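Chemist: So I've got this file, work-v9.cif, and it contains mmCIF, C-alpha atoms:
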```cif
data_model
#
loop_
_atom_site.label_atom_id
_atom_site.label_comp_id
_atom_site.auth_asym_id
_atom_site.auth_seq_id
_atom_site.Cartn_x
_atom_site.Cartn_y
_atom_site.Cartn_z
CA MET A 1 0.00 0.00 0.00
CA THR A 2 1.36 3.35 -1.01
CA SER A 3 0.44 6.69 0.48
CA GLU A 4 0.80 10.11 -1.06
CA LEU A 5 2.26 12.96 0.90
CA ASP A 6 2.25 16.59 -0.20
CA ILE A 7 5.26 18.54 0.99
CA PHE A 8 5.65 22.28 0.86
CA VAL A 9 9.01 23.87 1.62
CA GLY A 10 9.29 27.62 2.21
CA ASN A 11 12.04 29.89 3.37
CA THR A 12 10.13 33.09 4.12
CA THR A 13 11.74 34.86 7.05
CA LEU A 14 9.24 35.13 9.88
CA ILE A 15 9.03 38.49 11.62
CA ASP A 16 7.25 38.75 14.95
CA GLU A 17 6.27 42.42 15.28
CA ASP A 18 6.07 42.29 19.08
CA VAL A 19 9.56 40.82 19.41
CA TYR A 20 10.87 43.32 16.85
CA ARG A 21 9.49 46.15 19.01
CA LEU A 22 11.23 44.72 22.09
CA TRP A 23 14.50 44.47 20.16
CA LEU A 24 14.16 48.05 18.87
CA ASP A 25 13.40 49.24 22.40
CA GLY A 26 16.76 47.88 23.48
CA TYR A 27 15.68 45.00 25.74
CA SER A 28 18.01 42.05 26.24
CA VAL A 29 16.80 38.56 25.30
CA ASN A 30 16.10 37.72 28.95
CA ASP A 31 14.16 40.95 29.53
CA ALA A 32 12.23 40.41 26.30
CA VAL A 33 11.34 36.85 27.38
CA ALA A 34 10.15 38.14 30.76
CA LEU A 35 7.95 40.76 29.09
CA ARG A 36 6.52 38.17 26.70
CA VAL A 37 5.71 35.85 29.61
CA ARG A 38 4.00 38.73 31.38
CA SER A 39 1.87 39.35 28.29
CA GLY A 40 0.36 35.86 28.69
CA ILE A 41 1.86 34.33 25.57
CA LEU A 42 2.58 30.97 27.25
CA GLU A 43 -1.07 30.51 28.13
CA GLN A 44 -2.20 31.69 24.69
CA THR A 45 0.07 29.33 22.75
CA GLY A 46 0.69 26.45 25.14
CA ALA A 47 4.43 26.87 24.61
CA THR A 48 7.01 26.17 27.30
CA ALA A 49 9.39 28.73 28.76
CA ALA A 50 12.30 26.99 27.01
CA VAL A 51 10.58 27.24 23.63
CA LEU A 52 9.81 30.91 24.25
CA GLN A 53 13.45 31.57 25.14
CA SER A 54 14.62 29.80 21.99
CA ASP A 55 12.07 31.61 19.83
CA THR A 56 13.11 35.01 21.19
CA MET A 57 16.81 34.29 20.68
CA ASP A 58 16.11 33.15 17.12
CA HIS A 59 14.27 36.39 16.33
CA TYR A 60 17.03 38.49 17.90
CA ARG A 61 19.66 36.72 15.77
CA THR A 62 17.63 37.49 12.66
CA PHE A 63 17.23 41.16 13.61
CA HIS A 64 20.97 41.48 14.27
CA MET A 65 21.71 40.08 10.81
CA LEU A 66 19.13 42.38 9.22
CA GLU A 67 20.47 45.47 10.97
CA ARG A 68 23.39 46.09 8.61
CA LEU A 69 20.89 46.04 5.72
CA LEU A 70 18.59 48.44 7.55
CA HIS A 71 21.45 50.94 7.66
CA ALA A 72 21.06 51.20 3.86
CA PRO A 73 17.42 50.17 3.21
CA PRO A 74 17.69 49.73 -0.59
CA LYS A 75 20.09 46.84 0.16
CA LEU A 76 17.31 45.10 2.09
CA LEU A 77 15.10 45.24 -0.99
CA HIS A 78 17.73 43.80 -3.33
CA GLN A 79 19.35 41.12 -1.15
CA LEU A 80 18.43 37.45 -1.63
CA ILE A 81 19.38 35.94 1.73
CA PHE A 82 16.19 36.85 3.58
CA GLN A 83 12.90 36.17 1.82
CA ILE A 84 10.74 38.95 3.24
CA PRO A 85 7.54 40.19 1.55
CA PRO A 86 7.62 43.88 0.47
CA SER A 87 5.02 44.91 3.05
CA ARG A 88 7.15 43.35 5.79
CA GLN A 89 10.29 45.05 4.46
CA ALA A 90 8.52 48.41 4.62
CA LEU A 91 7.46 47.70 8.21
CA LEU A 92 11.00 46.74 9.24
CA ILE A 93 12.44 49.94 7.74
CA GLU A 94 9.76 52.29 9.03
CA ARG A 95 9.94 50.99 12.60
CA TYR A 96 13.74 50.88 12.62
CA TYR A 97 13.87 54.58 11.75
CA ALA A 98 10.96 55.60 13.99
CA PHE A 99 11.96 57.62 17.04
CA ASP A 100 10.61 58.63 20.43
CA GLU A 101 9.30 62.18 20.87
CA ALA A 102 11.02 62.43 24.25
CA PHE A 103 14.36 61.47 22.73
CA VAL A 104 14.27 63.74 19.69
CA ARG A 105 13.35 66.73 21.86
CA GLU A 106 16.58 66.20 23.82
CA VAL A 107 18.85 66.23 20.76
CA LEU A 108 16.95 68.46 18.29
CA GLY A 109 19.19 71.27 17.06
CA LYS A 110 22.34 69.79 18.59
CA LYS A 111 25.36 68.82 16.56
CA LEU A 112 25.17 65.12 15.67
CA SER A 113 28.68 64.42 16.93
CA LYS A 114 30.56 62.31 19.46
CA GLY A 115 30.10 65.08 22.02
CA THR A 116 26.32 64.76 21.87
CA LYS A 117 26.57 60.97 21.82
CA LYS A 118 28.36 61.12 25.17
CA ASP A 119 25.20 62.68 26.63
CA LEU A 120 23.06 59.69 25.72
CA ASP A 121 23.52 58.11 29.18
CA ASP A 122 21.94 61.17 30.77
CA ILE A 123 19.21 61.34 28.14
CA SER A 124 18.40 57.68 28.73
CA THR A 125 18.08 58.28 32.47
CA LYS A 126 15.97 61.41 31.97
CA THR A 127 13.56 59.92 29.41
CA GLY A 128 13.38 56.32 30.57
CA ILE A 129 14.35 55.13 27.08
CA THR A 130 16.98 52.39 27.11
CA LEU A 131 20.51 53.43 26.25
CA LYS A 132 20.58 50.95 23.37
CA SER A 133 17.45 52.50 21.86
CA CYS A 134 18.87 56.01 22.34
CA ARG A 135 22.01 54.96 20.46
CA ARG A 136 19.99 53.46 17.60
CA GLN A 137 17.91 56.62 17.23
CA PHE A 138 20.93 58.93 17.44
CA ASP A 139 22.90 56.84 14.93
CA ASN A 140 19.91 56.91 12.56
CA PHE A 141 19.74 60.71 12.76
CA LYS A 142 23.47 60.96 12.10
CA ARG A 143 23.38 58.43 9.25
CA VAL A 144 20.58 60.23 7.42
CA PHE A 145 22.26 63.61 7.98
CA LYS A 146 25.59 62.41 6.52
CA VAL A 147 23.96 60.91 3.43
CA VAL A 148 21.75 63.86 2.45
CA GLU A 149 23.43 67.00 3.83
CA GLU A 150 25.18 67.99 0.57
CA MET A 151 22.82 66.51 -2.00
CA ARG A 152 21.06 68.48 -4.69
CA GLY A 153 17.30 68.34 -4.81
CA SER A 154 14.51 68.16 -2.27
CA LEU A 155 15.61 67.09 1.20
CA VAL A 156 12.44 65.04 1.72
CA ASP A 157 12.78 63.35 -1.68
CA ASN A 158 16.43 62.51 -1.06
CA ILE A 159 15.61 60.96 2.31
CA GLN A 160 12.78 58.92 0.80
CA GLN A 161 14.98 57.76 -2.07
CA HIS A 162 17.91 56.65 0.09
CA PHE A 163 16.06 55.38 3.17
CA LEU A 164 12.64 54.37 1.78
CA LEU A 165 10.72 56.08 4.56
CA SER A 166 7.08 57.11 4.45
CA ASP A 167 6.35 60.70 3.49
CA ARG A 168 5.55 61.70 7.09
CA LEU A 169 8.68 60.11 8.57
CA ALA A 170 10.85 61.53 5.78
CA ARG A 171 9.49 65.01 6.56
CA ASP A 172 10.31 64.51 10.23
CA TYR A 173 13.87 63.50 9.34
CA ALA A 174 14.14 66.54 7.04
CA ALA A 175 13.30 68.71 10.06
CA ILE A 176 15.91 66.91 12.18
CA VAL A 177 18.59 67.38 9.49
CA PHE A 178 17.62 71.05 9.00
CA PHE A 179 17.75 71.78 12.73
CA ALA A 180 21.05 69.92 13.19
CA ASN A 181 22.65 71.83 10.32
CA ASN A 182 21.50 75.26 11.52
CA ARG A 183 21.91 74.43 15.22
CA PHE A 184 18.64 76.04 16.33
CA GLU A 185 18.32 76.30 20.10
CA THR A 186 15.41 74.17 21.33
CA GLY A 187 16.49 73.20 24.84
CA LYS A 188 15.95 76.44 26.79
CA LYS A 189 13.39 76.27 29.60
CA LYS A 190 11.02 78.71 27.91
CA LEU A 191 10.88 76.42 24.86
CA GLN A 192 10.07 73.22 26.74
CA TYR A 193 6.33 73.61 26.13
CA LEU A 194 6.93 73.13 22.40
CA SER A 195 6.73 69.65 20.90
CA PHE A 196 8.86 68.17 18.15
CA GLY A 197 5.82 68.56 15.90
CA ASP A 198 5.81 72.31 16.54
CA PHE A 199 9.44 72.63 15.51
CA ALA A 200 9.01 70.27 12.53
CA PHE A 201 6.12 72.41 11.28
CA CYS A 202 8.33 75.52 11.41
CA ALA A 203 11.22 73.67 9.78
CA GLU A 204 9.04 72.74 6.83
CA LEU A 205 7.99 76.38 6.34
CA MET A 206 11.60 77.59 6.53
CA ILE A 207 12.82 74.92 4.11
CA GLN A 208 10.13 75.93 1.63
CA ASN A 209 10.75 79.68 1.88
CA TRP A 210 14.06 80.61 3.51
CA THR A 211 16.59 78.14 2.07
CA LEU A 212 18.66 78.25 -1.10
CA GLY A 213 16.22 75.75 -2.60
CA ALA A 214 13.41 78.28 -2.33
CA VAL A 215 15.05 80.28 -5.15
CA ASP A 216 17.29 77.74 -6.94
CA SER A 217 16.46 74.05 -7.21
CA GLN A 218 19.86 73.12 -8.68
CA VAL A 219 22.22 74.08 -5.86
CA ASP A 220 23.88 71.60 -3.49
CA ASP A 221 22.38 71.23 0.03
CA MET A 222 19.58 73.51 -1.20
CA ASP A 223 17.11 72.53 1.54
CA VAL A 224 19.69 72.40 4.34
CA ASP A 225 21.33 75.84 4.33
CA LEU A 226 19.46 79.08 4.85
CA ASP A 227 19.75 81.56 1.97
CA LYS A 228 22.51 83.88 3.23
CA GLU A 229 21.68 86.59 0.69
CA PHE A 230 18.08 86.59 1.89
CA LEU A 231 19.21 86.87 5.51
CA GLN A 232 21.46 89.80 4.60
CA ASP A 233 18.63 91.54 2.78
CA LEU A 234 16.36 91.27 5.85
CA LYS A 235 18.24 94.23 7.33
CA GLU A 236 16.31 96.38 4.84
CA LEU A 237 13.13 95.70 6.81
CA LYS A 238 14.44 97.74 9.72
CA VAL A 239 13.09 100.88 8.08
CA LEU A 240 9.61 99.74 9.18
CA VAL A 241 10.48 100.56 12.80
CA ALA A 242 13.36 103.02 12.34
CA ASP A 243 11.27 105.44 10.28
CA LYS A 244 8.77 106.99 12.73
CA ASP A 245 6.34 107.99 9.97
CA LEU A 246 6.26 104.47 8.54
CA LEU A 247 5.83 102.95 11.99
CA ASP A 248 2.98 105.31 12.85
CA LEU A 249 1.25 104.72 9.51
CA HIS A 250 1.64 100.95 9.83
CA LYS A 251 0.07 101.09 13.30
CA SER A 252 -2.75 103.29 12.05
CA LEU A 253 -3.58 100.92 9.18
CA VAL A 254 -3.60 97.87 11.44
CA CYS A 255 -5.67 99.54 14.17
CA THR A 256 -8.21 100.89 11.68
CA ALA A 257 -8.68 97.45 10.13
CA LEU A 258 -8.97 95.60 13.45
CA ARG A 259 -11.04 98.04 15.53
CA GLY A 260 -14.04 96.14 16.88
CA LYS A 261 -12.64 92.78 15.74
CA LEU A 262 -10.19 91.99 18.57
CA SER A 263 -11.11 91.25 22.17
CA VAL A 264 -7.66 92.60 23.11
CA PHE A 265 -7.76 95.66 20.84
CA SER A 266 -6.65 98.16 23.51
CA GLU A 267 -3.72 95.90 24.53
CA MET A 268 -2.73 95.48 20.88
CA GLU A 269 -2.91 99.22 20.23
CA ALA A 270 -0.82 100.02 23.32
CA ASN A 271 1.79 97.38 22.54
CA PHE A 272 1.87 97.59 18.72
CA LYS A 273 5.21 99.36 18.42
CA ASN A 274 6.97 96.98 20.82
CA LEU A 275 5.59 93.95 18.99
CA SER A 276 6.54 95.38 15.60
CA ARG A 277 10.05 96.25 16.76
CA GLY A 278 10.43 92.73 18.11
CA LEU A 279 9.38 91.05 14.84
CA VAL A 280 11.44 93.37 12.62
CA ASN A 281 14.54 93.25 14.85
CA VAL A 282 14.47 89.44 14.79
CA ALA A 283 14.72 89.68 10.99
CA ALA A 284 17.50 92.28 11.06
CA LYS A 285 19.67 90.12 13.37
CA LEU A 286 19.56 86.94 11.29
CA THR A 287 22.85 87.83 9.62
CA HIS A 288 24.66 86.46 12.69
CA ASN A 289 24.90 82.71 13.34
CA LYS A 290 24.14 83.09 17.04
CA ASP A 291 20.95 85.00 16.30
CA VAL A 292 19.91 82.36 13.78
CA ARG A 293 20.41 79.72 16.48
CA ASP A 294 18.32 81.79 18.92
CA LEU A 295 15.46 82.36 16.48
CA PHE A 296 12.84 80.44 18.48
CA VAL A 297 14.01 81.91 21.79
CA ASP A 298 13.64 85.40 20.29
CA LEU A 299 10.19 84.71 18.82
CA VAL A 300 8.92 83.45 22.16
CA GLU A 301 10.47 86.38 24.07
CA LYS A 302 9.54 89.15 21.63
CA PHE A 303 6.08 88.04 20.59
CA VAL A 304 4.62 84.93 22.22
CA GLU A 305 5.25 85.89 25.85
CA PRO A 306 4.02 89.52 25.56
CA CYS A 307 0.81 88.37 23.86
CA ARG A 308 0.34 85.55 26.33
CA SER A 309 0.79 87.91 29.29
CA ASP A 310 -2.03 90.08 27.87
CA HIS A 311 -4.16 86.93 27.37
CA TRP A 312 -4.55 87.18 23.61
CA PRO A 313 -6.81 84.42 22.25
CA LEU A 314 -5.25 82.49 19.37
CA ASN A 315 -7.79 83.87 16.91
CA ASP A 316 -6.81 87.44 17.86
CA VAL A 317 -3.16 86.55 17.25
CA ARG A 318 -4.14 85.20 13.83
CA LEU A 319 -6.16 88.30 12.91
CA PHE A 320 -3.36 90.60 14.07
CA LEU A 321 -0.59 88.78 12.19
CA ASN A 322 -2.65 88.62 8.99
CA GLN A 323 -3.41 92.35 9.11
CA TYR A 324 0.07 93.29 10.31
CA SER A 325 1.58 91.46 7.32
CA ALA A 326 -0.94 92.68 4.73
CA SER A 327 -0.94 96.36 5.77
CA VAL A 328 2.69 96.78 4.76
CA HIS A 329 1.54 96.64 1.13
CA SER A 330 -0.28 99.95 1.69
CA LEU A 331 2.86 101.77 2.89
CA ASP A 332 3.88 103.94 -0.08
CA GLY A 333 7.35 104.62 1.28
CA PHE A 334 8.26 100.95 1.68
CA ARG A 335 10.12 99.31 -1.22
CA HIS A 336 10.75 95.75 -0.05
CA GLN A 337 7.35 94.07 -0.40
CA ALA A 338 8.60 90.76 -1.82
CA LEU A 339 11.26 90.46 0.87
CA TRP A 340 8.64 91.23 3.54
CA ASP A 341 6.26 88.58 2.18
CA ARG A 342 9.00 85.94 2.11
CA TYR A 343 9.91 86.73 5.71
CA MET A 344 6.48 87.24 7.25
CA GLY A 345 4.75 84.46 5.31
CA THR A 346 6.94 81.96 7.12
CA LEU A 347 7.12 83.82 10.41
CA ARG A 348 3.33 84.17 10.62
CA GLY A 349 2.88 80.41 10.26
CA CYS A 350 5.58 79.69 12.84
CA LEU A 351 4.21 82.17 15.38
CA LEU A 352 0.71 80.73 15.12
CA ARG A 353 2.14 77.27 15.76
CA LEU A 354 4.29 78.49 18.67
CA TYR A 355 1.43 80.36 20.30
CA HIS A 356 -0.44 78.18 22.77
CA ASP A 357 -3.07 80.38 24.42
#
```
Translate the structure described by the file into structure tokens.

Modeler:
Amino acid sequence: MTSELDIFVGNTTLIDEDVYRLWLDGYSVNDAVALRVRSGILEQTGATAAVLQSDTMDHYRTFHMLERLLHAPPKLLHQLIFQIPPSRQALLIERYYAFDEAFVREVLGKKLSKGTKKDLDDISTKTGITLKSCRRQFDNFKRVFKVVEEMRGSLVDNIQQHFLLSDRLARDYAAIVFFANNRFETGKKKLQYLSFGDFAFCAELMIQNWTLGAVDSQVDDMDVDLDKEFLQDLKELKVLVADKDLLDLHKSLVCTALRGKLSVFSEMEANFKNLSRGLVNVAAKLTHNKDVRDLFVDLVEKFVEPCRSDHWPLNDVRLFLNQYSASVHSLDGFRHQALWDRYMGTLRGCLLRLYHD
């Protein structure tokens, strides 16, 4: 008597998402096993502790072998050793390059160097993120920065092309690269209320409007470096507050347009000149690297805090900034309208994001 037996042989690499998360979070095999036991997996599967230990070790070995490919994601797509479906490859890459909000806030704007890496012990203690995970995230930031910092073309597109990240994650990395290159201060106490998302929003506006790429799409590192000629030209805006007649006319135009529309009209009218001087002087100082680095500190000190102390609702801030920006076009003696629009278009968006009433 003969019997027929169908045999199927496959070599698809199995990826357990939960174990991958534990590995990415920096847990040792033993800690990962303990966490899996605590999740109730032994009862759910009927497996023994020894099998669970072996399974976890096997997954960790696989992740360690995959890691060198994850450092250059296109290699993961083209290698033949690990048979991983495309959807699984995308998941591996996206999660490997994902980062913790608490971690990125600690390093945002700092130089991605050995000096900062030495601080990772303290950051790990402060945030509760394992040191191993902190190192992975820091090394990812540094790796992406090194690859794209001097490339031509869109920063987001270059990151997506070389690291195969989703659009949202690529935009976040573009913000990280932009902040690291320009060394914006984000760690001061008065800036702690701001999230990474707040800074990333502002970075995107600045990349679109204040970089070399905003005027020339063929230059190297076009989305990384601020347009120095534009920053130099911003000194021309100082006439808006240095010329008393222009300042008075600007105030008159804004007050006439907003009378009866703001709940804080009297506060705005009394403080207009100080607010205008603050916004224009921020522009005039951006020729110096230190003042570029202190941009967000200055915006909070010169505009956000004064408005907050007078209890401006967010909608009043929006109405004021819109009218403040638009009224300049009615100043006959002012000759730098395009420069003003390039500056205030971005600044208005940033200030609205920074203002938490």

Chemist: Do you know which residues the PyMOL selection byres ((chain A and resi 35-44) around 12) returns on this file, as a list in words?

Modeler: Asp16, Asp18, Val19, Tyr20, Arg21, Leu22, Trp23, Tyr27, Ser28, Val29, Asn30, Asp31, Ala32, Val33, Ala34, Thr45, Gly46, Ala47, Thr48, Ala49, Ala50, Val51, Leu52, Gln53, Asp55 and Thr56 of chain A

Chemist: Which residues are near Val282 (chain A)? Cut-off 10 Å, all atoms listed in the file, ignore same chain within fewer than 2 positions. Put them as a list in words.

Modeler: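 After dropping sequence-adjacent residues, the list is Leu234, Lys235, Lys238, Ser276, Arg277, Gly278, Leu279, Val280, Ala284, Lys285, Leu286, Thr287, Asp291, Val292, Asp294, Leu295, Phe296, Asp298, Leu299 and Lys302 of chain A.
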
Chemist: Show me, as a tab-separated table, the residues of region 90-109 of chain A having an atom within 10 Å of region 176-199 of chain A, each with the closest atom pair and its distance in Å, using all atoms listed in the file.

Modeler:
```
residue	atom	partner	partner_atom	distance
A:Asp100	CA	A:Phe196	CA	10.0
A:Glu101	CA	A:Phe196	CA	6.6
A:Ala102	CA	A:Phe196	CA	8.7
A:Phe103	CA	A:Phe196	CA	9.8
A:Val104	CA	A:Phe196	CA	7.2
A:Arg105	CA	A:Phe196	CA	6.0
A:Glu106	CA	A:Gly187	CA	7.1
A:Val107	CA	A:Gly187	CA	8.4
A:Leu108	CA	A:Ile176	CA	6.4
A:Gly109	CA	A:Ala180	CA	4.5
```

Chemist: Fewer than 3 positions away in the same chain doesn't count, so skip those; otherwise give me all residues within 12 Å of region 145-152 of chain A, counting all atoms listed in the file, as an MDAnalysis selection string.

Modeler: chainID A and resid 71:72 111:113 138:142 155:163 170 173:182 212:213 216:225

Chemist: Residue by residue, what does the PyMOL selection byres ((chain A and resi 320-323) around 8) grab here? Present the result as a list in words.

Modeler: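 Matching residues under the PyMOL selection byres ((chain A and resi 320-323) around 8) are Val254, Ala257, Leu258, Asp316, Val317, Arg318, Leu319, Tyr324, Ser325, Ala326, Ser327 and Arg348 of chain A.
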
Chemist: Choose the residue, out of A:His64, A:Lys251, A:Lys244, A:His288, that has the smallest atom-to-atom separation from Asn271 (chain A); count all atoms listed in the file.

Modeler: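 Using all atoms listed in the file, the shortest distance to Asn271 (chain A) belongs to A:Lys251.
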
Chemist: Let me make sure I understand: among A:Leu247, A:Leu69, A:Met57, A:Leu24, which one has the smallest atom-to-atom distance to Gly333 (chain A) if we use only C-alpha atoms?

Modeler: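 Ranking A:Leu247, A:Leu69, A:Met57, A:Leu24 by distance to Gly333 (chain A), first place goes to A:Leu247.
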
Chemist: With distances taken over all atoms listed in the file, which of A:Ala214, A:Leu352, A:Ala200, A:Ile123 is nearest to Gly153 (chain A)?

Modeler: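 With all atoms listed in the file as the atom set, the closest residue is A:Ala214.
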
Chemist: To one decimal place, how far is CA of Met206 (chain A) from CA of Arg342 (chain A) in Å?

Modeler: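 Between CA of Met206 (chain A) and CA of Arg342 (chain A) the gap is 9.8 Å.
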
Chemist: Could you check which of A:Ala283, A:Leu92, A:Leu77, A:Val300 is closest to Leu240 (chain A), using only C-alpha atoms?

Modeler: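 Of the candidates, the smallest distance to Leu240 (chain A) is held by A:Ala283.
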
Chemist: Please return region 162-171 of chain A, rebuilt to all heavy atoms, as a CSV table (one decimal), in the frame of the given file.

Modeler:
```csv
chain,number,residue,atom,x,y,z
A,162,HIS,N,16.8,57.4,-0.5
A,162,HIS,CA,17.9,56.6,0.1
A,162,HIS,C,17.6,55.8,1.3
A,162,HIS,O,18.3,54.9,1.7
A,162,HIS,CB,19.0,57.6,0.4
A,162,HIS,CG,19.8,58.1,-0.8
A,162,HIS,ND1,19.3,59.2,-1.5
A,162,HIS,CD2,20.9,57.7,-1.4
A,162,HIS,CE1,20.1,59.4,-2.5
A,162,HIS,NE2,21.1,58.6,-2.5
A,163,PHE,N,16.4,56.1,2.0
A,163,PHE,CA,16.1,55.4,3.2
A,163,PHE,C,14.7,54.8,3.1
A,163,PHE,O,14.3,54.1,4.1
A,163,PHE,CB,16.2,56.3,4.4
A,163,PHE,CG,17.6,56.6,4.7
A,163,PHE,CD1,18.2,57.8,4.2
A,163,PHE,CD2,18.5,55.8,5.4
A,163,PHE,CE1,19.5,58.1,4.4
A,163,PHE,CE2,19.8,56.1,5.6
A,163,PHE,CZ,20.3,57.3,5.1
A,164,LEU,N,13.9,55.0,2.0
A,164,LEU,CA,12.6,54.4,1.8
A,164,LEU,C,11.6,54.6,2.9
A,164,LEU,O,10.9,53.7,3.2
A,164,LEU,CB,12.9,52.9,1.5
A,164,LEU,CG,13.9,52.5,0.5
A,164,LEU,CD1,14.1,51.0,0.4
A,164,LEU,CD2,13.7,53.2,-0.9
A,165,LEU,N,11.6,55.8,3.5
A,165,LEU,CA,10.7,56.1,4.6
A,165,LEU,C,9.4,56.6,4.0
A,165,LEU,O,9.3,57.1,2.9
A,165,LEU,CB,11.3,57.1,5.5
A,165,LEU,CG,12.7,56.8,6.1
A,165,LEU,CD1,13.2,57.9,7.0
A,165,LEU,CD2,12.7,55.5,6.8
A,166,SER,N,8.4,56.5,4.8
A,166,SER,CA,7.1,57.1,4.4
A,166,SER,C,7.2,58.6,4.3
A,166,SER,O,8.2,59.2,4.8
A,166,SER,CB,6.0,56.8,5.5
A,166,SER,OG,6.4,57.4,6.7
A,167,ASP,N,6.3,59.3,3.7
A,167,ASP,CA,6.4,60.7,3.5
A,167,ASP,C,6.4,61.4,4.8
A,167,ASP,O,7.2,62.3,5.0
A,167,ASP,CB,5.1,61.2,2.7
A,167,ASP,CG,5.2,62.7,2.5
A,167,ASP,OD1,6.0,63.1,1.7
A,167,ASP,OD2,4.3,63.4,3.1
A,168,ARG,N,5.6,61.0,5.8
A,168,ARG,CA,5.6,61.7,7.1
A,168,ARG,C,6.9,61.5,7.8
A,168,ARG,O,7.4,62.5,8.4
A,168,ARG,CB,4.4,61.1,7.9
A,168,ARG,CG,4.2,61.8,9.3
A,168,ARG,CD,3.9,63.2,9.2
A,168,ARG,NE,5.0,64.1,9.3
A,168,ARG,CZ,5.0,65.4,8.8
A,168,ARG,NH1,3.9,65.9,8.3
A,168,ARG,NH2,6.1,66.1,8.9
A,169,LEU,N,7.4,60.3,7.8
A,169,LEU,CA,8.7,60.1,8.6
A,169,LEU,C,9.8,60.8,7.9
A,169,LEU,O,10.7,61.4,8.5
A,169,LEU,CB,9.0,58.6,8.7
A,169,LEU,CG,10.1,58.2,9.6
A,169,LEU,CD1,9.9,58.8,11.0
A,169,LEU,CD2,10.2,56.7,9.7
A,170,ALA,N,9.8,60.8,6.5
A,170,ALA,CA,10.8,61.5,5.8
A,170,ALA,C,10.8,63.0,6.1
A,170,ALA,O,11.9,63.7,6.2
A,170,ALA,CB,10.7,61.3,4.3
A,171,ARG,N,9.6,63.6,6.2
A,171,ARG,CA,9.5,65.0,6.6
A,171,ARG,C,10.0,65.3,8.0
A,171,ARG,O,10.6,66.3,8.2
A,171,ARG,CB,8.0,65.5,6.4
A,171,ARG,CG,7.6,65.5,5.0
A,171,ARG,CD,6.1,66.0,4.9
A,171,ARG,NE,5.7,65.9,3.5
A,171,ARG,CZ,6.0,66.8,2.5
A,171,ARG,NH1,6.7,67.9,2.9
A,171,ARG,NH2,5.6,66.7,1.3
```
